[in-house]
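Chemist: File coords_37.txt follows (compact mmCIF, C-alpha atoms):
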```txt
# COMPACT_ATOMS: atom_id res chain seq x y z
CA MET Q 1 0.00 0.00 0.00
CA GLY Q 2 1.39 3.39 -0.99
CA SER Q 3 1.70 6.35 1.35
CA ILE Q 4 -1.54 7.89 0.03
CA GLY Q 5 -3.37 4.63 0.69
CA ARG Q 6 -2.00 4.41 4.23
CA VAL Q 7 -3.12 7.95 4.98
CA ALA Q 8 -6.57 7.23 3.58
CA ALA Q 9 -6.84 4.10 5.72
CA ILE Q 10 -5.89 6.03 8.84
CA VAL Q 11 -8.44 8.73 8.06
CA LEU Q 12 -11.12 6.08 7.67
CA LEU Q 13 -10.14 4.49 10.98
CA LEU Q 14 -10.31 7.69 13.03
CA PRO Q 15 -14.13 7.82 13.33
CA LEU Q 16 -14.15 4.14 14.31
CA LEU Q 17 -11.55 4.71 17.01
CA ALA Q 18 -13.43 7.73 18.34
CA SER Q 19 -16.65 5.73 18.38
CA ALA Q 20 -14.95 2.88 20.26
CA ALA Q 21 -13.56 5.31 22.86
CA GLN Q 22 -16.99 6.87 23.36
CA ALA Q 23 -18.55 3.43 23.80
CA GLN Q 24 -15.88 2.54 26.34
CA ASP Q 25 -16.56 5.75 28.28
CA SER Q 26 -20.32 5.17 28.27
CA ASP Q 27 -19.78 1.61 29.53
CA TYR Q 28 -17.58 2.76 32.42
CA PRO Q 29 -17.08 1.09 34.84
CA ASN Q 30 -17.34 -2.49 33.64
CA ARG Q 31 -14.63 -4.03 35.83
CA PRO Q 32 -13.32 -3.46 39.38
CA VAL Q 33 -12.06 0.04 40.20
CA ARG Q 34 -9.11 0.46 42.57
CA LEU Q 35 -9.64 3.15 45.20
CA LEU Q 36 -6.29 3.99 46.80
CA ALA Q 37 -6.51 5.53 50.27
CA ALA Q 38 -3.39 7.49 51.20
CA SER Q 39 -3.38 6.35 54.83
CA ALA Q 40 -3.24 3.36 57.10
CA ALA Q 41 -6.46 1.68 58.17
CA GLY Q 42 -8.53 4.04 60.30
CA GLY Q 43 -7.04 7.23 58.85
CA ASN Q 44 -9.37 9.81 57.34
CA PRO Q 45 -8.67 8.79 53.71
CA ASP Q 46 -9.30 5.15 54.60
CA VAL Q 47 -12.55 5.91 56.45
CA ILE Q 48 -13.94 8.07 53.65
CA ALA Q 49 -12.74 5.65 50.95
CA ARG Q 50 -14.60 2.76 52.56
CA LEU Q 51 -17.78 4.77 52.96
CA LEU Q 52 -17.56 5.87 49.33
CA SER Q 53 -16.62 2.46 47.96
CA SER Q 54 -19.65 0.82 49.55
CA ARG Q 55 -22.08 3.28 47.97
CA LEU Q 56 -20.30 3.64 44.61
CA SER Q 57 -20.28 -0.15 44.23
CA GLU Q 58 -24.06 -0.04 44.58
CA VAL Q 59 -24.55 3.01 42.34
CA PHE Q 60 -22.50 1.56 39.47
CA ASN Q 61 -23.27 -2.12 40.18
CA ASN Q 62 -19.53 -2.66 39.98
CA PRO Q 63 -16.94 -3.21 42.73
CA PHE Q 64 -14.86 -0.28 44.00
CA ILE Q 65 -12.05 -1.90 45.98
CA VAL Q 66 -10.20 0.07 48.68
CA GLU Q 67 -6.44 -0.37 48.97
CA ASP Q 68 -4.66 1.42 51.83
CA VAL Q 69 -1.35 2.90 50.69
CA PRO Q 70 0.18 4.60 53.75
CA GLY Q 71 3.56 6.24 53.97
CA VAL Q 72 5.59 9.33 53.09
CA GLY Q 73 2.71 11.73 53.56
CA GLY Q 74 0.63 10.34 50.70
CA VAL Q 75 3.52 10.25 48.22
CA LEU Q 76 3.35 6.48 47.67
CA ALA Q 77 -0.33 6.62 46.77
CA ALA Q 78 0.27 9.63 44.53
CA ASN Q 79 3.08 7.82 42.70
CA GLN Q 80 0.85 4.82 42.00
CA THR Q 81 -1.97 7.05 40.80
CA ALA Q 82 0.20 9.15 38.50
CA ALA Q 83 1.66 6.00 36.92
CA ALA Q 84 -1.71 4.32 36.28
CA PRO Q 85 -3.30 4.11 32.80
CA PRO Q 86 -5.64 7.05 32.05
CA ASP Q 87 -8.77 4.89 32.09
CA GLY Q 88 -10.36 5.82 35.42
CA TYR Q 89 -9.85 2.38 36.95
CA THR Q 90 -7.28 3.63 39.47
CA LEU Q 91 -8.54 6.43 41.73
CA SER Q 92 -7.01 7.83 44.88
CA LEU Q 93 -8.08 9.77 47.93
CA ASN Q 94 -5.20 12.07 48.75
CA ASP Q 95 -4.75 15.46 50.33
CA SER Q 96 -2.80 18.70 50.47
CA GLY Q 97 0.11 16.93 52.13
CA ALA Q 98 0.94 14.92 49.02
CA LEU Q 99 -0.47 17.23 46.35
CA ALA Q 100 0.86 20.55 47.65
CA ILE Q 101 3.23 20.36 50.63
CA ASN Q 102 5.37 17.48 49.40
CA ILE Q 103 5.58 18.88 45.88
CA ALA Q 104 6.66 22.22 47.32
CA MET Q 105 9.27 21.01 49.79
CA ASN Q 106 10.57 17.59 48.77
CA PRO Q 107 12.94 17.57 45.78
CA ASP Q 108 12.67 13.77 45.59
CA VAL Q 109 8.99 13.99 44.65
CA LYS Q 110 8.92 13.71 40.86
CA TYR Q 111 5.19 14.03 40.13
CA ARG Q 112 3.46 17.36 39.57
CA LEU Q 113 -0.18 18.44 39.52
CA LYS Q 114 -0.23 17.97 35.74
CA ASP Q 115 0.21 14.23 36.34
CA PHE Q 116 -3.29 13.94 37.83
CA THR Q 117 -6.87 14.35 36.71
CA PRO Q 118 -8.81 16.08 39.52
CA ILE Q 119 -12.29 14.65 39.96
CA THR Q 120 -13.84 16.30 43.00
CA ALA Q 121 -13.08 17.63 46.45
CA LEU Q 122 -14.41 15.43 49.25
CA ALA Q 123 -13.71 17.05 52.59
CA THR Q 124 -11.72 19.67 54.41
CA LEU Q 125 -9.89 18.54 57.52
CA PRO Q 126 -9.68 21.52 59.88
CA THR Q 127 -7.37 21.66 62.86
CA VAL Q 128 -7.87 23.10 66.31
CA LEU Q 129 -5.23 24.98 68.30
CA VAL Q 130 -4.87 23.28 71.66
CA ILE Q 131 -2.64 23.99 74.64
CA LYS Q 132 -1.78 22.02 77.74
CA PRO Q 133 -3.70 23.13 80.86
CA ALA Q 134 -0.51 24.33 82.58
CA VAL Q 135 -0.16 27.19 80.08
CA PRO Q 136 -1.56 30.29 81.85
CA ALA Q 137 -3.94 31.28 79.06
CA ASN Q 138 -7.66 30.69 78.79
CA THR Q 139 -8.20 32.47 75.48
CA LEU Q 140 -6.37 32.96 72.21
CA ALA Q 141 -5.72 36.60 73.09
CA GLU Q 142 -4.10 35.58 76.38
CA PHE Q 143 -1.98 32.94 74.62
CA VAL Q 144 -0.76 35.45 72.02
CA ALA Q 145 0.03 38.02 74.72
CA LEU Q 146 2.02 35.41 76.65
CA ALA Q 147 3.93 34.40 73.52
CA LYS Q 148 4.75 38.01 72.70
CA SER Q 149 6.12 38.55 76.19
CA LYS Q 150 8.43 35.51 75.87
CA PRO Q 151 9.60 35.00 72.27
CA ASN Q 152 10.59 31.37 71.60
CA ALA Q 153 9.87 30.39 75.22
CA LEU Q 154 6.61 28.62 74.39
CA SER Q 155 6.88 25.52 72.25
CA PHE Q 156 4.58 23.90 69.74
CA GLY Q 157 4.57 20.37 68.42
CA SER Q 158 3.81 19.12 64.94
CA ALA Q 159 3.52 15.84 63.08
CA GLY Q 160 6.88 16.57 61.45
CA THR Q 161 8.79 19.22 59.55
CA GLY Q 162 6.66 20.37 56.64
CA SER Q 163 3.47 18.88 58.06
CA ILE Q 164 0.19 20.78 57.85
CA HIS Q 165 0.49 21.27 61.62
CA GLN Q 166 3.77 23.14 61.32
CA LEU Q 167 2.73 25.18 58.30
CA THR Q 168 -0.53 26.19 59.99
CA MET Q 169 1.43 27.47 62.99
CA ILE Q 170 3.92 29.31 60.78
CA ILE Q 171 1.05 31.11 59.06
CA PHE Q 172 -0.53 31.89 62.44
CA GLU Q 173 2.76 33.16 63.87
CA GLN Q 174 3.03 35.56 60.95
CA GLN Q 175 -0.46 36.96 61.49
CA ALA Q 176 -0.16 37.11 65.29
CA GLY Q 177 3.37 38.49 65.38
CA ILE Q 178 4.71 35.79 67.71
CA GLN Q 179 7.61 33.34 67.73
CA LEU Q 180 7.31 29.82 69.13
CA LEU Q 181 9.82 26.97 69.38
CA HIS Q 182 9.03 24.17 66.93
CA VAL Q 183 9.33 20.55 68.12
CA PRO Q 184 8.58 18.01 65.35
CA TYR Q 185 7.30 14.51 66.08
CA ARG Q 186 6.67 11.46 63.93
CA GLY Q 187 3.00 11.77 63.16
CA GLY Q 188 -0.10 13.17 64.78
CA THR Q 189 -0.13 10.61 67.60
CA GLY Q 190 3.33 11.73 68.73
CA LEU Q 191 2.15 15.33 68.74
CA VAL Q 192 -0.88 14.55 70.92
CA ASN Q 193 1.19 12.47 73.32
CA ALA Q 194 3.69 15.31 73.66
CA LEU Q 195 0.88 17.70 74.58
CA LEU Q 196 -0.48 15.28 77.18
CA THR Q 197 2.91 14.68 78.79
CA GLY Q 198 3.71 18.40 78.78
CA GLU Q 199 6.70 18.15 76.44
CA VAL Q 200 5.23 20.96 74.34
CA ASP Q 201 2.88 23.80 75.17
CA ALA Q 202 0.69 23.98 72.07
CA GLY Q 203 -0.13 22.48 68.71
CA TRP Q 204 -2.63 22.32 65.87
CA SER Q 205 -4.34 18.94 65.70
CA GLY Q 206 -7.10 17.24 63.75
CA ILE Q 207 -10.33 17.55 65.72
CA SER Q 208 -11.05 13.83 65.97
CA ASN Q 209 -7.62 13.22 67.54
CA VAL Q 210 -8.21 15.57 70.46
CA LEU Q 211 -11.99 15.90 70.80
CA ALA Q 212 -12.29 13.64 73.85
CA LEU Q 213 -9.25 15.27 75.45
CA ILE Q 214 -10.82 18.71 75.05
CA GLN Q 215 -14.13 17.51 76.43
CA THR Q 216 -12.46 16.01 79.52
CA GLY Q 217 -10.27 19.05 80.19
CA LYS Q 218 -6.96 17.36 79.42
CA LEU Q 219 -6.33 19.90 76.67
CA ARG Q 220 -7.66 23.43 76.20
CA ALA Q 221 -8.99 24.49 72.78
CA LEU Q 222 -8.38 28.08 71.68
CA CYS Q 223 -9.57 28.35 68.07
CA LEU Q 224 -10.27 26.59 64.80
CA SER Q 225 -8.22 26.96 61.62
CA VAL Q 226 -11.20 27.39 59.27
CA LEU Q 227 -13.89 30.00 58.73
CA GLU Q 228 -16.82 28.08 60.21
CA ARG Q 229 -17.27 26.59 63.67
CA ASP Q 230 -17.40 22.83 64.01
CA ALA Q 231 -20.52 21.05 65.22
CA SER Q 232 -18.46 18.83 67.51
CA LEU Q 233 -16.89 21.90 69.18
CA PRO Q 234 -19.66 24.50 69.01
CA ASP Q 235 -18.15 26.72 71.73
CA VAL Q 236 -14.71 26.97 70.13
CA PRO Q 237 -14.44 30.09 67.93
CA THR Q 238 -12.57 30.38 64.66
CA CYS Q 239 -9.38 32.42 64.39
CA ASP Q 240 -11.23 34.63 61.92
CA GLU Q 241 -13.86 35.42 64.58
CA LEU Q 242 -11.13 36.36 67.03
CA GLY Q 243 -9.62 39.00 64.77
CA TYR Q 244 -7.32 37.02 62.46
CA LYS Q 245 -9.36 37.84 59.40
CA GLY Q 246 -9.26 35.39 56.57
CA PHE Q 247 -7.34 32.77 58.54
CA ASN Q 248 -8.39 29.61 56.75
CA VAL Q 249 -5.91 26.74 56.67
CA ALA Q 250 -7.03 23.14 56.27
CA THR Q 251 -6.08 20.02 54.43
CA MET Q 252 -8.35 19.29 51.48
CA LEU Q 253 -9.02 15.63 50.79
CA GLY Q 254 -10.06 14.93 47.23
CA LEU Q 255 -10.50 12.27 44.57
CA GLN Q 256 -7.98 12.06 41.73
CA SER Q 257 -6.97 9.79 38.89
CA SER Q 258 -4.05 9.77 36.48
CA ALA Q 259 -3.67 12.47 33.86
CA GLY Q 260 -5.69 12.10 30.67
CA VAL Q 261 -8.87 10.46 31.96
CA SER Q 262 -11.73 11.36 29.62
CA PRO Q 263 -14.14 14.16 30.64
CA ALA Q 264 -17.05 11.72 30.28
CA ILE Q 265 -15.64 9.39 32.94
CA VAL Q 266 -14.76 12.32 35.20
CA ALA Q 267 -18.30 13.65 34.91
CA LYS Q 268 -19.77 10.24 35.75
CA LEU Q 269 -17.64 9.93 38.86
CA GLN Q 270 -18.15 13.50 40.00
CA SER Q 271 -21.92 13.22 39.69
CA ALA Q 272 -22.09 9.92 41.56
CA VAL Q 273 -19.83 11.11 44.38
CA ALA Q 274 -21.84 14.33 44.74
CA LYS Q 275 -25.03 12.32 45.28
CA VAL Q 276 -23.36 10.07 47.86
CA LEU Q 277 -21.93 13.01 49.80
CA ARG Q 278 -25.39 14.53 50.11
CA GLU Q 279 -26.83 11.43 51.75
CA PRO Q 280 -27.76 12.08 55.42
CA ALA Q 281 -25.93 9.02 56.72
CA MET Q 282 -22.68 10.13 55.06
CA ALA Q 283 -23.03 13.70 56.31
CA GLU Q 284 -23.68 12.56 59.88
CA ARG Q 285 -20.72 10.18 59.86
CA MET Q 286 -18.41 12.93 58.68
CA ARG Q 287 -19.77 15.34 61.28
CA THR Q 288 -18.95 12.93 64.12
CA LEU Q 289 -15.39 12.69 62.81
CA GLY Q 290 -14.94 16.47 62.75
CA ILE Q 291 -14.66 16.43 58.96
CA HIS Q 292 -16.27 19.15 56.83
CA MET Q 293 -17.73 17.85 53.58
CA ALA Q 294 -16.40 19.88 50.68
CA GLU Q 295 -18.16 18.69 47.56
CA ASN Q 296 -17.53 20.91 44.56
CA GLY Q 297 -17.11 20.54 40.83
CA THR Q 298 -14.02 19.37 39.03
CA ALA Q 299 -12.97 22.85 37.88
CA ALA Q 300 -13.28 24.31 41.39
CA TYR Q 301 -11.26 21.42 42.83
CA ALA Q 302 -8.54 21.86 40.21
CA LYS Q 303 -8.30 25.56 41.07
CA PHE Q 304 -8.06 24.76 44.78
CA MET Q 305 -5.22 22.29 44.13
CA GLN Q 306 -3.22 24.93 42.27
CA ASP Q 307 -3.95 27.68 44.84
CA ASP Q 308 -3.00 25.27 47.65
CA LEU Q 309 0.32 24.46 45.98
CA ASP Q 310 1.06 28.16 45.39
CA ARG Q 311 0.36 29.04 49.03
CA TYR Q 312 2.53 26.31 50.53
CA THR Q 313 5.30 26.93 48.02
CA ARG Q 314 5.50 30.53 49.28
CA VAL Q 315 5.68 29.38 52.92
CA VAL Q 316 8.23 26.66 52.18
CA ASP Q 317 10.44 29.05 50.20
CA GLU Q 318 10.25 31.82 52.81
CA PHE Q 319 11.20 29.53 55.68
CA HIS Q 320 13.59 27.28 53.73
CA LEU Q 321 11.73 24.08 54.62
CA GLN Q 322 12.90 21.95 51.71
CA ILE Q 323 13.93 18.47 52.73
CA THR Q 324 17.63 17.88 52.16
CA LYS Q 325 19.65 14.68 52.42
```
Kindly present the structure from the file in structure tokens form.
Modeler:
Amino acid sequence: MGSIGRVAAIVLLLPLLASAAQAQDSDYPNRPVRLLAASAAGGNPDVIARLLSSRLSEVFNNPFIVEDVPGVGGVLAANQTAAAPPDGYTLSLNDSGALAINIAMNPDVKYRLKDFTPITALATLPTVLVIKPAVPANTLAEFVALAKSKPNALSFGSAGTGSIHQLTMIIFEQQAGIQLLHVPYRGGTGLVNALLTGEVDAGWSGISNVLALIQTGKLRALCLSVLERDASLPDVPTCDELGYKGFNVATMLGLQSSAGVSPAIVAKLQSAVAKVLREPAMAERMRTLGIHMAENGTAAYAKFMQDDLDRYTRVVDEFHLQITK
């Protein structure tokens, strides 16, 4: 066949290929879908993934199978997702730690936002500023005044250098005009234990990790890191309410796939997830965990991912937080 014949054959094939791709999209999903949760069992991504998988399996009459992929702040799950075929059969629940903080501060992370197809936001994970009872401050104003009177004398713990806990405190220090001593730990459990034993004076923690400790008086809550109060802590004000206008720092947990997934598949998934998130049982379960549902469209989620990366890149660059070997 001459070159003209080959070109003609290719031209004739194009509509058939497009038609086959459209049929494949309309038939999605027709085999098991992997749902990677960037946490160990019991972590927020795992909990939400299992709630979603149960309902999505029913909605699509097709199994959505949860696989926990813990480690390296969500990087392992992100690597698997980015490397998957662009067919929508590998999805992941990952957050700002992997998709913003680690990209900004870890030179060993090779993926970028362009390597993912954003599908939808799922939830924001606010933190609460807590202090040990021995700190002579009953309000945020008293804590800030104490910190100003003794720069670097008060300490705060975090779940590690570059964690959302540390970056939230850095942003708060800037707005409040204070300086605290940073003490990093290995994970959120280490941070909470350090607060309970008195090793550190303060820290930002996920609400579910410290809710019982606040309720029993073992820790004192000063403010929330987001713009709305939490139903599980109705008497704890937001930083914004207390004069730190616009203070709004939280991890966003969302659903992603690899780059290049077709818009038709994305739309199918986004629509189904939106319906599940609006179900009363799902909303109530998230409320008890101190998680704020954050359903929004694909475009809005993509914009948040980029804005999140830009914000943390500025903080990481200003404070030279890049991980070095």
Chemist: Residues at most 8 Å from range 261-269 of chain Q, counting all atoms listed in the file, excluding those fewer than 2 positions away in the same chain, as a PyMOL selection string?
Modeler: chain Q and resi 25-26+28+86-88+117+119+257-259+271-273
Chemist: Of the residues Q:Gly203, Q:Gly177, Q:Pro29, Q:Gly188, which is the one nearest to Val130 in chain Q, using all atoms listed in the file?
Modeler: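 Ranked by minimum distance to Val130 in chain Q, first place goes to Q:Gly203.
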Chemist: Residues of range 183-274 of chain Q that have any atom at most 8 Å from an atom of range 154-166 of chain Q: could you tabulate them with the shortest-distance atom pair and the distance in Å to one decimal, using all atoms listed in the file, ordered by chain and increasing number, as a tab-separated table?
Modeler:
```
residue	atom	partner	partner_atom	distance
Q:Val183	CA	Q:Gly157	CA	4.8
Q:Pro184	CA	Q:Gly160	CA	4.5
Q:Tyr185	CA	Q:Ala159	CA	5.0
Q:Arg186	CA	Q:Ala159	CA	5.5
Q:Gly187	CA	Q:Ala159	CA	4.1
Q:Gly188	CA	Q:Ala159	CA	4.8
Q:Thr189	CA	Q:Ala159	CA	7.8
Q:Gly190	CA	Q:Ala159	CA	7.0
Q:Leu191	CA	Q:Gly157	CA	5.6
Q:Ala194	CA	Q:Gly157	CA	7.3
Q:Leu195	CA	Q:Gly157	CA	7.7
Q:Val200	CA	Q:Ser155	CA	5.3
Q:Asp201	CA	Q:Ser155	CA	5.2
Q:Ala202	CA	Q:Phe156	CA	4.5
Q:Gly203	CA	Q:Phe156	CA	5.0
Q:Trp204	CA	Q:His165	CA	5.4
Q:Ser205	CA	Q:His165	CA	6.7
Q:Ala250	CA	Q:Ile164	CA	7.8
Q:Thr251	CA	Q:Ile164	CA	7.2
```
Chemist: Keeping C-alpha atoms for every residue in the selection just given, could you write it to a file as a PDB file, in the frame of the given file?
Modeler:
```pdb
ATOM      1  CA  VAL Q 183       9.330  20.550  68.120  1.00  0.00           C
ATOM      2  CA  PRO Q 184       8.580  18.010  65.350  1.00  0.00           C
ATOM      3  CA  TYR Q 185       7.300  14.510  66.080  1.00  0.00           C
ATOM      4  CA  ARG Q 186       6.670  11.460  63.930  1.00  0.00           C
ATOM      5  CA  GLY Q 187       3.000  11.770  63.160  1.00  0.00           C
ATOM      6  CA  GLY Q 188      -0.100  13.170  64.780  1.00  0.00           C
ATOM      7  CA  THR Q 189      -0.130  10.610  67.600  1.00  0.00           C
ATOM      8  CA  GLY Q 190       3.330  11.730  68.730  1.00  0.00           C
ATOM      9  CA  LEU Q 191       2.150  15.330  68.740  1.00  0.00           C
ATOM     10  CA  ALA Q 194       3.690  15.310  73.660  1.00  0.00           C
ATOM     11  CA  LEU Q 195       0.880  17.700  74.580  1.00  0.00           C
ATOM     12  CA  VAL Q 200       5.230  20.960  74.340  1.00  0.00           C
ATOM     13  CA  ASP Q 201       2.880  23.800  75.170  1.00  0.00           C
ATOM     14  CA  ALA Q 202       0.690  23.980  72.070  1.00  0.00           C
ATOM     15  CA  GLY Q 203      -0.130  22.480  68.710  1.00  0.00           C
ATOM     16  CA  TRP Q 204      -2.630  22.320  65.870  1.00  0.00           C
ATOM     17  CA  SER Q 205      -4.340  18.940  65.700  1.00  0.00           C
ATOM     18  CA  ALA Q 250      -7.030  23.140  56.270  1.00  0.00           C
ATOM     19  CA  THR Q 251      -6.080  20.020  54.430  1.00  0.00           C
TER      20      THR Q 251
END
```
Chemist: Select, from Q:Thr127, Q:Gln256, Q:Ile65, Q:Cys223, the residue with the minimum atom-to-atom distance to Asn79 in chain Q, counting all atoms listed in the file.
Modeler: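 Nearest to Asn79 in chain Q: Q:Gln256.
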Chemist: Between Q:Leu196, Q:Leu122, Q:Val72, Q:Leu129, which one has atoms that come closest to Gly217 in chain Q, using all atoms listed in the file?
Modeler: Q:Leu196
Chemist: Under the rule that all atoms listed in the file are counted, which of Q:Cys239, Q:Leu140, Q:Ala100, Q:Ile178 is the nearest residue to Leu222 in chain Q?
Modeler: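 Closest candidate: Q:Leu140.
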Chemist: Grab all the atoms of range 155-159 of chain Q that the file lists, wrap them in a box along x, y and z, add 6 Å per side, and give me centre plus edge lengths in Å (one decimal) as AutoDock Vina command-line options.
Modeler:
```
--center_x 5.2 --center_y 20.7 --center_z 67.7 --size_x 15.4 --size_y 21.7 --size_z 21.2
```
Chemist: Which neighbours of Ser53 in chain Q fall inside 12 Å, counting all atoms listed in the file, when residues of the same chain fewer than 2 positions from it are skipped, and could you give them as an NGL selection string?
Modeler: :Q and (32-37 or 45-51 or 55-67 or 91-93 or 269 or 272-273 or 276-277)
Chemist: Kindly indicate which residue among Q:Ser96, Q:Thr81, Q:Ser54, Q:Gln215 lies nearest to Leu253 in chain Q, using only C-alpha atoms for the distances.
Modeler: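 Closest to Leu253 in chain Q, using only C-alpha atoms: Q:Ser96.
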Chemist: Return the single residue from Q:Ala231, Q:Ala123, Q:Leu180, Q:Ile291 that is closest to Gly206 in chain Q, with distances computed using only C-alpha atoms.
Modeler: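 The closest residue to Gly206 in chain Q is Q:Ile291.
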